[in-house]
$ cat structure-v6.pdb   # PDB, C-alpha atoms
ATOM      1  CA  MET A   1     100.351  -5.080 172.903  1.00  0.00           C
ATOM      2  CA  SER A   2     101.738  -3.064 175.827  1.00  0.00           C
ATOM      3  CA  ARG A   3     101.158   0.668 176.157  1.00  0.00           C
ATOM      4  CA  ASN A   4     104.873   1.379 175.539  1.00  0.00           C
ATOM      5  CA  LYS A   5     104.911  -0.659 172.337  1.00  0.00           C
ATOM      6  CA  LEU A   6     101.690   0.996 171.187  1.00  0.00           C
ATOM      7  CA  THR A   7     103.159   4.454 171.854  1.00  0.00           C
ATOM      8  CA  ILE A   8     106.324   3.616 169.912  1.00  0.00           C
ATOM      9  CA  SER A   9     104.279   2.271 166.996  1.00  0.00           C
ATOM     10  CA  ILE A  10     102.182   5.438 166.867  1.00  0.00           C
ATOM     11  CA  LEU A  11     105.305   7.626 166.975  1.00  0.00           C
ATOM     12  CA  LEU A  12     106.876   5.654 164.138  1.00  0.00           C
ATOM     13  CA  LEU A  13     103.686   5.989 162.109  1.00  0.00           C
ATOM     14  CA  VAL A  14     103.591   9.752 162.687  1.00  0.00           C
ATOM     15  CA  MET A  15     107.255  10.045 161.660  1.00  0.00           C
ATOM     16  CA  LEU A  16     106.685   8.051 158.470  1.00  0.00           C
ATOM     17  CA  VAL A  17     103.640  10.117 157.535  1.00  0.00           C
ATOM     18  CA  GLY A  18     105.594  13.301 158.223  1.00  0.00           C
ATOM     19  CA  MET A  19     108.467  12.151 156.020  1.00  0.00           C
ATOM     20  CA  ALA A  20     106.026  11.356 153.227  1.00  0.00           C
ATOM     21  CA  LEU A  21     104.411  14.777 153.513  1.00  0.00           C
ATOM     22  CA  ILE A  22     107.674  16.751 153.281  1.00  0.00           C
ATOM     23  CA  PRO A  23     108.163  16.174 149.514  1.00  0.00           C
ATOM     24  CA  ALA A  24     104.472  16.901 148.933  1.00  0.00           C
ATOM     25  CA  ALA A  25     104.716  20.146 150.891  1.00  0.00           C
ATOM     26  CA  SER A  26     107.836  21.136 148.955  1.00  0.00           C
ATOM     27  CA  ALA A  27     106.066  20.418 145.673  1.00  0.00           C
ATOM     28  CA  GLN A  28     103.089  22.527 146.754  1.00  0.00           C
ATOM     29  CA  GLU A  29     105.445  25.365 147.693  1.00  0.00           C
ATOM     30  CA  GLU A  30     107.066  25.220 144.244  1.00  0.00           C
ATOM     31  CA  ASP A  31     103.681  25.072 142.490  1.00  0.00           C
ATOM     32  CA  LYS A  32     102.560  28.089 144.502  1.00  0.00           C
ATOM     33  CA  TYR A  33     105.182  30.279 142.843  1.00  0.00           C
ATOM     34  CA  SER A  34     105.495  28.590 139.451  1.00  0.00           C
ATOM     35  CA  VAL A  35     104.315  30.500 136.385  1.00  0.00           C
ATOM     36  CA  THR A  36     102.402  28.887 133.530  1.00  0.00           C
ATOM     37  CA  ALA A  37     103.213  29.558 129.883  1.00  0.00           C
ATOM     38  CA  GLU A  38      99.817  31.247 129.504  1.00  0.00           C
ATOM     39  CA  GLU A  39     100.482  33.609 132.406  1.00  0.00           C
ATOM     40  CA  ALA A  40     103.974  34.328 131.099  1.00  0.00           C
ATOM     41  CA  PHE A  41     102.546  35.162 127.668  1.00  0.00           C
ATOM     42  CA  LYS A  42     100.220  37.746 129.227  1.00  0.00           C
ATOM     43  CA  HIS A  43     103.171  39.372 130.999  1.00  0.00           C
ATOM     44  CA  ALA A  44     105.229  39.415 127.800  1.00  0.00           C
ATOM     45  CA  ASN A  45     102.403  41.082 125.871  1.00  0.00           C
ATOM     46  CA  ALA A  46     101.601  43.612 128.585  1.00  0.00           C
ATOM     47  CA  ASN A  47     105.229  44.665 128.961  1.00  0.00           C
ATOM     48  CA  MET A  48     105.781  44.924 125.210  1.00  0.00           C
ATOM     49  CA  ILE A  49     102.742  47.195 124.867  1.00  0.00           C
ATOM     50  CA  SER A  50     103.886  49.274 127.840  1.00  0.00           C
ATOM     51  CA  PHE A  51     107.408  49.751 126.473  1.00  0.00           C
ATOM     52  CA  MET A  52     106.099  50.667 123.029  1.00  0.00           C
ATOM     53  CA  ALA A  53     103.563  53.124 124.436  1.00  0.00           C
ATOM     54  CA  GLY A  54     106.287  54.744 126.505  1.00  0.00           C
ATOM     55  CA  ASN A  55     108.578  55.098 123.481  1.00  0.00           C
ATOM     56  CA  ALA A  56     111.283  53.103 125.228  1.00  0.00           C
ATOM     57  CA  PRO A  57     114.627  52.993 123.364  1.00  0.00           C
ATOM     58  CA  GLY A  58     114.975  50.031 121.012  1.00  0.00           C
ATOM     59  CA  PHE A  59     111.263  49.552 120.404  1.00  0.00           C
ATOM     60  CA  GLU A  60     111.035  51.931 117.436  1.00  0.00           C
ATOM     61  CA  ASN A  61     110.736  49.045 114.956  1.00  0.00           C
ATOM     62  CA  TRP A  62     108.279  47.014 117.007  1.00  0.00           C
ATOM     63  CA  THR A  63     105.137  48.728 115.713  1.00  0.00           C
ATOM     64  CA  GLY A  64     102.840  45.998 114.439  1.00  0.00           C
ATOM     65  CA  ALA A  65     104.944  43.265 116.061  1.00  0.00           C
ATOM     66  CA  SER A  66     103.402  40.156 117.594  1.00  0.00           C
ATOM     67  CA  ILE A  67     104.587  37.566 120.086  1.00  0.00           C
ATOM     68  CA  ASP A  68     104.571  33.851 119.346  1.00  0.00           C
ATOM     69  CA  PRO A  69     102.431  32.391 122.184  1.00  0.00           C
ATOM     70  CA  LYS A  70     104.501  29.190 122.206  1.00  0.00           C
ATOM     71  CA  PRO A  71     107.708  29.959 124.113  1.00  0.00           C
ATOM     72  CA  LEU A  72     110.991  28.153 124.348  1.00  0.00           C
ATOM     73  CA  GLU A  73     111.304  26.702 127.846  1.00  0.00           C
ATOM     74  CA  LEU A  74     114.736  27.324 129.320  1.00  0.00           C
ATOM     75  CA  TYR A  75     115.949  25.477 132.398  1.00  0.00           C
ATOM     76  CA  ASP A  76     118.677  26.075 134.931  1.00  0.00           C
ATOM     77  CA  PRO A  77     121.534  23.560 135.326  1.00  0.00           C
ATOM     78  CA  ASN A  78     119.988  22.685 138.715  1.00  0.00           C
ATOM     79  CA  GLY A  79     117.022  21.220 136.819  1.00  0.00           C
ATOM     80  CA  LYS A  80     114.459  23.903 137.626  1.00  0.00           C
ATOM     81  CA  LYS A  81     112.569  25.811 134.955  1.00  0.00           C
ATOM     82  CA  LEU A  82     114.120  29.258 134.628  1.00  0.00           C
ATOM     83  CA  PHE A  83     112.564  31.254 131.768  1.00  0.00           C
ATOM     84  CA  TYR A  84     109.945  31.227 129.069  1.00  0.00           C
ATOM     85  CA  ARG A  85     111.615  32.762 126.028  1.00  0.00           C
ATOM     86  CA  PHE A  86     109.076  34.339 123.689  1.00  0.00           C
ATOM     87  CA  SER A  87     109.961  35.219 120.102  1.00  0.00           C
ATOM     88  CA  VAL A  88     108.769  38.557 118.713  1.00  0.00           C
ATOM     89  CA  TYR A  89     108.037  38.831 114.992  1.00  0.00           C
ATOM     90  CA  ASN A  90     107.301  41.682 112.637  1.00  0.00           C
ATOM     91  CA  GLU A  91     106.227  40.686 109.122  1.00  0.00           C
ATOM     92  CA  ASN A  92     107.481  37.134 109.760  1.00  0.00           C
ATOM     93  CA  LYS A  93     110.931  38.406 110.731  1.00  0.00           C
ATOM     94  CA  LEU A  94     112.369  37.659 114.164  1.00  0.00           C
ATOM     95  CA  ILE A  95     113.112  41.037 115.733  1.00  0.00           C
ATOM     96  CA  GLY A  96     113.465  40.174 119.397  1.00  0.00           C
ATOM     97  CA  THR A  97     112.989  37.827 122.325  1.00  0.00           C
ATOM     98  CA  ILE A  98     111.430  38.361 125.742  1.00  0.00           C
ATOM     99  CA  ASP A  99     112.454  36.242 128.734  1.00  0.00           C
ATOM    100  CA  ILE A 100     109.761  35.835 131.388  1.00  0.00           C
ATOM    101  CA  CYS A 101     110.689  34.226 134.705  1.00  0.00           C
ATOM    102  CA  ALA A 102     109.105  30.810 135.195  1.00  0.00           C
ATOM    103  CA  ASP A 103     109.097  31.261 138.968  1.00  0.00           C
ATOM    104  CA  LYS A 104     107.824  34.261 140.931  1.00  0.00           C
ATOM    105  CA  THR A 105     110.674  33.914 143.431  1.00  0.00           C
ATOM    106  CA  LEU A 106     113.072  35.077 140.695  1.00  0.00           C
ATOM    107  CA  GLY A 107     111.941  38.691 140.862  1.00  0.00           C
ATOM    108  CA  PRO A 108     110.358  40.915 138.162  1.00  0.00           C
ATOM    109  CA  SER A 109     108.431  38.948 135.532  1.00  0.00           C
ATOM    110  CA  VAL A 110     110.535  40.285 132.642  1.00  0.00           C
ATOM    111  CA  TYR A 111     114.152  39.249 133.041  1.00  0.00           C
ATOM    112  CA  ASP A 112     115.523  40.303 129.674  1.00  0.00           C
ATOM    113  CA  ILE A 113     114.574  41.644 126.247  1.00  0.00           C
ATOM    114  CA  VAL A 114     116.936  41.137 123.316  1.00  0.00           C
ATOM    115  CA  PHE A 115     116.748  43.023 120.028  1.00  0.00           C
ATOM    116  CA  ASP A 116     117.721  41.284 116.767  1.00  0.00           C
ATOM    117  CA  PRO A 117     118.824  38.077 118.509  1.00  0.00           C
ATOM    118  CA  GLU A 118     121.390  35.746 117.022  1.00  0.00           C
ATOM    119  CA  PRO A 119     119.687  32.512 115.892  1.00  0.00           C
ATOM    120  CA  TYR A 120     120.661  29.333 117.712  1.00  0.00           C
ATOM    121  CA  LYS A 121     120.460  25.653 116.845  1.00  0.00           C
ATOM    122  CA  THR A 122     118.340  24.145 119.608  1.00  0.00           C
ATOM    123  CA  ALA A 123     117.372  20.892 117.888  1.00  0.00           C
ATOM    124  CA  GLU A 124     120.933  20.186 116.767  1.00  0.00           C
ATOM    125  CA  ALA A 125     122.333  20.942 120.230  1.00  0.00           C
ATOM    126  CA  MET A 126     119.860  18.611 121.939  1.00  0.00           C
ATOM    127  CA  LYS A 127     120.554  15.849 119.434  1.00  0.00           C
ATOM    128  CA  LYS A 128     124.319  16.178 119.878  1.00  0.00           C
ATOM    129  CA  SER A 129     124.142  16.171 123.684  1.00  0.00           C
ATOM    130  CA  ILE A 130     122.165  12.917 123.561  1.00  0.00           C
ATOM    131  CA  GLU A 131     124.654  11.383 121.122  1.00  0.00           C
ATOM    132  CA  ILE A 132     127.594  12.309 123.367  1.00  0.00           C
ATOM    133  CA  ALA A 133     125.807  10.925 126.429  1.00  0.00           C
ATOM    134  CA  LYS A 134     125.161   7.612 124.672  1.00  0.00           C
ATOM    135  CA  SER A 135     128.751   7.457 123.456  1.00  0.00           C
ATOM    136  CA  GLU A 136     130.453   8.302 126.761  1.00  0.00           C
ATOM    137  CA  TYR A 137     128.020   6.396 128.992  1.00  0.00           C
ATOM    138  CA  SER A 138     126.798   3.546 126.811  1.00  0.00           C
ATOM    139  CA  ASP A 139     125.513   1.579 129.807  1.00  0.00           C
ATOM    140  CA  GLY A 140     123.787   4.594 131.339  1.00  0.00           C
ATOM    141  CA  LYS A 141     120.146   5.638 131.296  1.00  0.00           C
ATOM    142  CA  ILE A 142     119.238   9.052 129.899  1.00  0.00           C
ATOM    143  CA  LYS A 143     116.955  10.821 132.380  1.00  0.00           C
ATOM    144  CA  SER A 144     116.313  14.105 130.584  1.00  0.00           C
ATOM    145  CA  THR A 145     117.402  16.520 127.874  1.00  0.00           C
ATOM    146  CA  ASN A 146     116.515  20.194 128.183  1.00  0.00           C
ATOM    147  CA  LEU A 147     117.591  23.574 126.931  1.00  0.00           C
ATOM    148  CA  VAL A 148     119.431  25.359 129.720  1.00  0.00           C
ATOM    149  CA  VAL A 149     121.021  28.677 130.535  1.00  0.00           C
ATOM    150  CA  TYR A 150     124.289  27.037 131.515  1.00  0.00           C
ATOM    151  CA  SER A 151     126.328  30.231 131.850  1.00  0.00           C
ATOM    152  CA  TYR A 152     124.161  33.324 131.472  1.00  0.00           C
ATOM    153  CA  PRO A 153     123.504  34.511 128.819  1.00  0.00           C
ATOM    154  CA  SER A 154     124.817  31.398 127.035  1.00  0.00           C
ATOM    155  CA  ILE A 155     122.284  28.662 126.385  1.00  0.00           C
ATOM    156  CA  GLY A 156     122.681  25.080 125.308  1.00  0.00           C
ATOM    157  CA  ALA A 157     121.364  21.563 125.659  1.00  0.00           C
ATOM    158  CA  MET A 158     121.866  19.563 128.843  1.00  0.00           C
ATOM    159  CA  THR A 159     121.440  15.800 128.881  1.00  0.00           C
ATOM    160  CA  VAL A 160     121.433  14.054 132.251  1.00  0.00           C
ATOM    161  CA  VAL A 161     122.503  10.408 132.140  1.00  0.00           C
ATOM    162  CA  LYS A 162     122.526   8.044 135.118  1.00  0.00           C
ATOM    163  CA  ASP A 163     125.089   5.274 135.514  1.00  0.00           C
ATOM    164  CA  LYS A 164     123.053   2.103 136.104  1.00  0.00           C
ATOM    165  CA  ALA A 165     125.829   0.468 138.115  1.00  0.00           C
ATOM    166  CA  THR A 166     126.804   3.302 140.468  1.00  0.00           C
ATOM    167  CA  GLY A 167     123.726   5.518 140.323  1.00  0.00           C
ATOM    168  CA  VAL A 168     125.948   8.535 139.637  1.00  0.00           C
ATOM    169  CA  GLU A 169     124.446  11.151 137.335  1.00  0.00           C
ATOM    170  CA  HIS A 170     126.466  12.930 134.661  1.00  0.00           C
ATOM    171  CA  ARG A 171     125.589  16.084 132.727  1.00  0.00           C
ATOM    172  CA  ILE A 172     126.459  16.693 129.089  1.00  0.00           C
ATOM    173  CA  PHE A 173     126.324  20.288 127.833  1.00  0.00           C
ATOM    174  CA  VAL A 174     126.370  21.423 124.196  1.00  0.00           C
ATOM    175  CA  ASP A 175     126.307  25.107 123.295  1.00  0.00           C
ATOM    176  CA  ALA A 176     123.276  26.030 121.169  1.00  0.00           C
ATOM    177  CA  TYR A 177     125.242  28.503 119.049  1.00  0.00           C
ATOM    178  CA  THR A 178     128.550  26.764 118.372  1.00  0.00           C
ATOM    179  CA  LEU A 179     127.365  23.163 118.909  1.00  0.00           C
ATOM    180  CA  GLU A 180     130.577  22.625 120.874  1.00  0.00           C
ATOM    181  CA  GLU A 181     130.547  20.464 123.992  1.00  0.00           C
ATOM    182  CA  VAL A 182     130.927  22.501 127.184  1.00  0.00           C
ATOM    183  CA  GLU A 183     132.886  20.947 130.029  1.00  0.00           C
ATOM    184  CA  ASP A 184     130.816  20.518 133.177  1.00  0.00           C
ATOM    185  CA  LYS A 185     133.067  22.546 135.447  1.00  0.00           C
ATOM    186  CA  PRO A 186     132.382  25.616 137.603  1.00  0.00           C
ATOM    187  CA  ALA A 187     133.199  28.989 136.108  1.00  0.00           C
ATOM    188  CA  THR A 188     136.318  30.777 137.358  1.00  0.00           C
ATOM    189  CA  GLU A 189     137.551  34.349 137.103  1.00  0.00           C
ATOM    190  CA  THR A 190     139.517  33.484 133.979  1.00  0.00           C
ATOM    191  CA  LYS A 191     137.580  30.608 132.412  1.00  0.00           C
ATOM    192  CA  PRO A 192     133.897  30.216 131.552  1.00  0.00           C
ATOM    193  CA  GLY A 193     132.014  27.268 132.980  1.00  0.00           C
ATOM    194  CA  VAL A 194     128.645  26.023 134.157  1.00  0.00           C
ATOM    195  CA  TRP A 195     126.852  27.917 136.912  1.00  0.00           C
ATOM    196  CA  SER A 196     123.323  28.375 138.221  1.00  0.00           C
ATOM    197  CA  LEU A 197     121.647  31.698 137.498  1.00  0.00           C
ATOM    198  CA  TYR A 198     118.627  30.469 139.465  1.00  0.00           C
ATOM    199  CA  ASP A 199     120.654  30.027 142.650  1.00  0.00           C
ATOM    200  CA  LYS A 200     122.447  33.343 142.155  1.00  0.00           C
ATOM    201  CA  ILE A 201     119.168  35.257 141.801  1.00  0.00           C
ATOM    202  CA  LEU A 202     117.843  33.674 144.993  1.00  0.00           C
ATOM    203  CA  THR A 203     120.809  35.085 146.930  1.00  0.00           C
ATOM    204  CA  TYR A 204     118.950  38.408 146.828  1.00  0.00           C
ATOM    205  CA  GLY A 205     116.249  36.802 148.960  1.00  0.00           C
ATOM    206  CA  LYS A 206     113.060  35.021 147.963  1.00  0.00           C
ATOM    207  CA  GLU A 207     110.792  37.459 149.800  1.00  0.00           C
ATOM    208  CA  ASN A 208     112.437  40.480 148.182  1.00  0.00           C
ATOM    209  CA  ASN A 209     112.126  38.879 144.759  1.00  0.00           C
ATOM    210  CA  LEU A 210     108.444  38.097 145.299  1.00  0.00           C
ATOM    211  CA  LYS A 211     107.769  41.779 145.983  1.00  0.00           C
ATOM    212  CA  GLU A 212     109.247  42.627 142.577  1.00  0.00           C
ATOM    213  CA  TRP A 213     106.983  40.252 140.629  1.00  0.00           C
TER     214      TRP A 213
END
$ encode --input "structure-v6.pdb" --output "structure tokens"
Amino acid sequence: MSRNKLTISILLLVMLVGMALIPAASAQEEDKYSVTAEEAFKHANANMISFMAGNAPGFENWTGASIDPKPLELYDPNGKKLFYRFSVYNENKLIGTIDICADKTLGPSVYDIVFDPEPYKTAEAMKKSIEIAKSEYSDGKIKSTNLVVYSYPSIGAMTVVKDKATGVEHRIFVDAYTLEEVEDKPATETKPGVWSLYDKILTYGKENNLKEW
């Protein structure tokens, strides 16, 4: 083999290795800032105790309350994990929820606290989104079904189905409160729609958000 051919072969090998390492590096970057459910639970507890100790408004009835350590995992329409939603109970009664960011690049660990939340139908919404996906794309392959914040603060089920013939992916949204199908269209000034809270938060700058964690 000539020196030129050997050089070209080595360059091609380096390029291929580099291309293979890019996804791995991206995954490592995401893992670096991802938050586990256990870590999120600690943040939820610490903040609840802090707010109660400081007599923050709205926490008057939280004395003796406890947080369910098993959160609801909420995703963004872009497919990334967005929040861990922890339920707060007092004498077996749901009195609140605490949303902890699932990624440190999203800013402060506590994103929202809701008092006396309206119950939603997560299981029914997920089941219906799958049924609609199977009905509308009978020859498609369902890739995933997750609970998502499809238009903050609205949540629902999102089923992603891939057309086997074209490879095109379709998203089916069902609201977790009304169980109505939500059209997969961008929100406008006059009409609600599907939009990414994750991407909007990142417009403030990843580095700035990391400082707030």
$ resolve_selection --input "structure-v6.pdb" --expression "the PyMOL selection byres ((chain A and resi 193-195) around 10)" --output "PyMOL selection string"
chain A and resi 76-78+149-152+154+173+182-192+196-200
$ atom_distance --input "structure-v6.pdb" --atom1 "CA of Leu147 in chain A" --atom2 "CA of Glu124 in chain A"
11.2 Å
$ axis_aligned_box --input "structure-v6.pdb" --around "range 41-53 of chain A" --padding-each-side "6 Å" --output "AutoDock Vina command-line options"
--center_x 103.8 --center_y 44.1 --center_z 127.0 --size_x 19.2 --size_y 30.0 --size_z 20.0
$ atom_distance --input "structure-v6.pdb" --atom1 "CA of Ala102 in chain A" --atom2 "CA of Leu74 in chain A"
8.9 Å
$ closest_residue --input "structure-v6.pdb" --among "A:Glu181, A:Glu131, A:Glu39, A:Glu91" --to "Lys70 in chain A" --atoms "all atoms listed in the file"
A:Glu39
$ resolve_selection --input "structure-v6.pdb" --expression "the PyMOL selection byres ((chain A and resi 44) around 8)" --output "list in words"
Ala40, Phe41, Lys42, His43, Asn45, Ala46, Asn47, Met48, Ile67, Phe86, Ile98, Asp99, Ile100 and Val110 of chain A
$ atom_distance --input "structure-v6.pdb" --atom1 "CA of Val148 in chain A" --atom2 "CA of Lys206 in chain A"
21.6 Å
$ residues_around --input "structure-v6.pdb" --residues "Pro108 in chain A" --least-positions-apart "5" --cutoff "10 Å" --atoms "all atoms listed in the file" --output "PyMOL selection string"
chain A and resi 100-101+103+209-213
$ residues_near_point --input "structure-v6.pdb" --point "(122.9, 23.7, 117.4)" --cutoff "6 Å" --atoms "all atoms listed in the file" --output "PyMOL selection string"
chain A and resi 121-122+124-125+176-177+179
$ write_last_selection --input "structure-v6.pdb" --atoms "C-alpha atoms" --output "PDB file, in the frame of the given file"
ATOM      1  CA  LYS A 121     120.460  25.653 116.845  1.00  0.00           C
ATOM      2  CA  THR A 122     118.340  24.145 119.608  1.00  0.00           C
ATOM      3  CA  GLU A 124     120.933  20.186 116.767  1.00  0.00           C
ATOM      4  CA  ALA A 125     122.333  20.942 120.230  1.00  0.00           C
ATOM      5  CA  ALA A 176     123.276  26.030 121.169  1.00  0.00           C
ATOM      6  CA  TYR A 177     125.242  28.503 119.049  1.00  0.00           C
ATOM      7  CA  LEU A 179     127.365  23.163 118.909  1.00  0.00           C
TER       8      LEU A 179
END
$ closest_residue --input "structure-v6.pdb" --among "A:Ala123, A:Ala133, A:Ala37, A:Lys141" --to "Leu82 in chain A" --atoms "all atoms listed in the file"
A:Ala37
$ closest_residue --input "structure-v6.pdb" --among "A:Lys93, A:Lys164, A:Arg85, A:Lys80" --to "Asp116 in chain A" --atoms "all atoms listed in the file"
A:Lys93
$ resolve_selection --input "structure-v6.pdb" --expression "the PyMOL selection byres ((chain A and resi 163) around 12)" --output "list in words"
Ala133, Lys134, Glu136, Tyr137, Ser138, Asp139, Gly140, Lys141, Ile142, Lys143, Val160, Val161, Lys162, Lys164, Ala165, Thr166, Gly167, Val168, Glu169, His170 and Arg171 of chain A
$ closest_residue --input "structure-v6.pdb" --among "A:Ser135, A:Ile172, A:Thr63, A:Glu73" --to "Thr36 in chain A" --atoms "all atoms listed in the file"
A:Glu73
$ closest_residue --input "structure-v6.pdb" --among "A:Lys32, A:Leu94, A:Phe83, A:Glu38" --to "Ser109 in chain A" --atoms "all atoms listed in the file"
A:Phe83
$ closest_residue --input "structure-v6.pdb" --among "A:Val35, A:Ile49, A:Gly79, A:Asn90" --to "Asn61 in chain A" --atoms "all atoms listed in the file"
A:Asn90
